[in-house]
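Chemist: The structure that follows is given in the form of structure tokens.
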Amino acid sequence: MEAQSTSLNYLPIIFQLLVALGFVVFTMTLTHLIGPKRKTADKLVAFESGIKSIGNARQPFSIKYFLVAILFVLFDVEVIFMYPWAVNFREFGLNGLIEMFIFMGTLLLGFIYIIKKRALDWD
């Protein structure tokens with residue numbers, strides 16, 4: 001006989017979540033109320049690895065950095081899909097080979113598009 005899932009079975013999980021949430025709210029409130037409230041100029045300054053801040057941190061820089069990072073992630077993900085295929089290459093047979101050629105062709109088309117749009121040119 002299979003045990004049926006009822007809402008009563010979830011009561012311990014709900015209770016544990018409520019206790020955890022209550023603990024978080026309680027400790028955050030308590031530390032806010034009893035903690036020191038000394039705001040000095042040194043505390044309000046941004047801290048970066050022990051190096052004093054010079055100038056504005058919001059300086060604009062080229063979007064190329066973001067573009068290269070996104071393209072790296074995009075083309076790096078293909079390896080995640082290729083590894084299991086390579087491990088099970090013999091089991092997939094001819095259909096698996098054709099599907100991988102289609103997948104690689106799609107990625108090659110994307111790469112050709114990136115090259116034609118000159119997305120990786122830094123000049």
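Residues in the structure tokens are numbered from 1 in each chain, the chains being A, B, ... in the order shown, and ligands are numbered from 1 in the order shown.
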So which residues touch stretch 103-113 of chain A within 9 Å, counting only C-alpha atoms, skipping near sequence neighbours fewer than 5 positions away, as a ChimeraX atom specification?
Modeler: /A:75,78,98,118-119
Chemist: Could you tell me, as JSON, numbers by chain, which residues of stretch 8-107 of chain A DSSP assigns to helix (DSSP H, G or I) when given the backbone?
Modeler: {"A": [8, 9, 10, 11, 12, 13, 14, 15, 16, 17, 18, 19, 20, 21, 22, 23, 24, 25, 26, 27, 28, 29, 30, 31, 32, 33, 34, 41, 42, 43, 44, 64, 65, 66, 67, 68, 69, 70, 71, 72, 73, 74, 75, 76, 77, 78, 79, 80, 81, 82, 83, 84, 85, 86, 87, 89, 90, 91, 92, 93, 94, 95, 96, 97, 98, 99, 100, 101, 102, 103, 104, 105, 106, 107]}
Chemist: Counting only C-alpha atoms, figure out which residue out of A:Pro84, A:Ile14, A:Ser5, A:Leu120 gets nearest to A:Ala69.
Modeler: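 Counting only C-alpha atoms, the residue closest to A:Ala69 is A:Leu120.
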Chemist: Determine, counting only C-alpha atoms, which protein, DNA and RNA residues have an atom within 12 Å of an atom of A:Asp121; residues of the same chain fewer than 2 positions away are not included. Present the result as a PyMOL selection string.
Modeler: chain A and resi 64-65+67-68+114-119+123
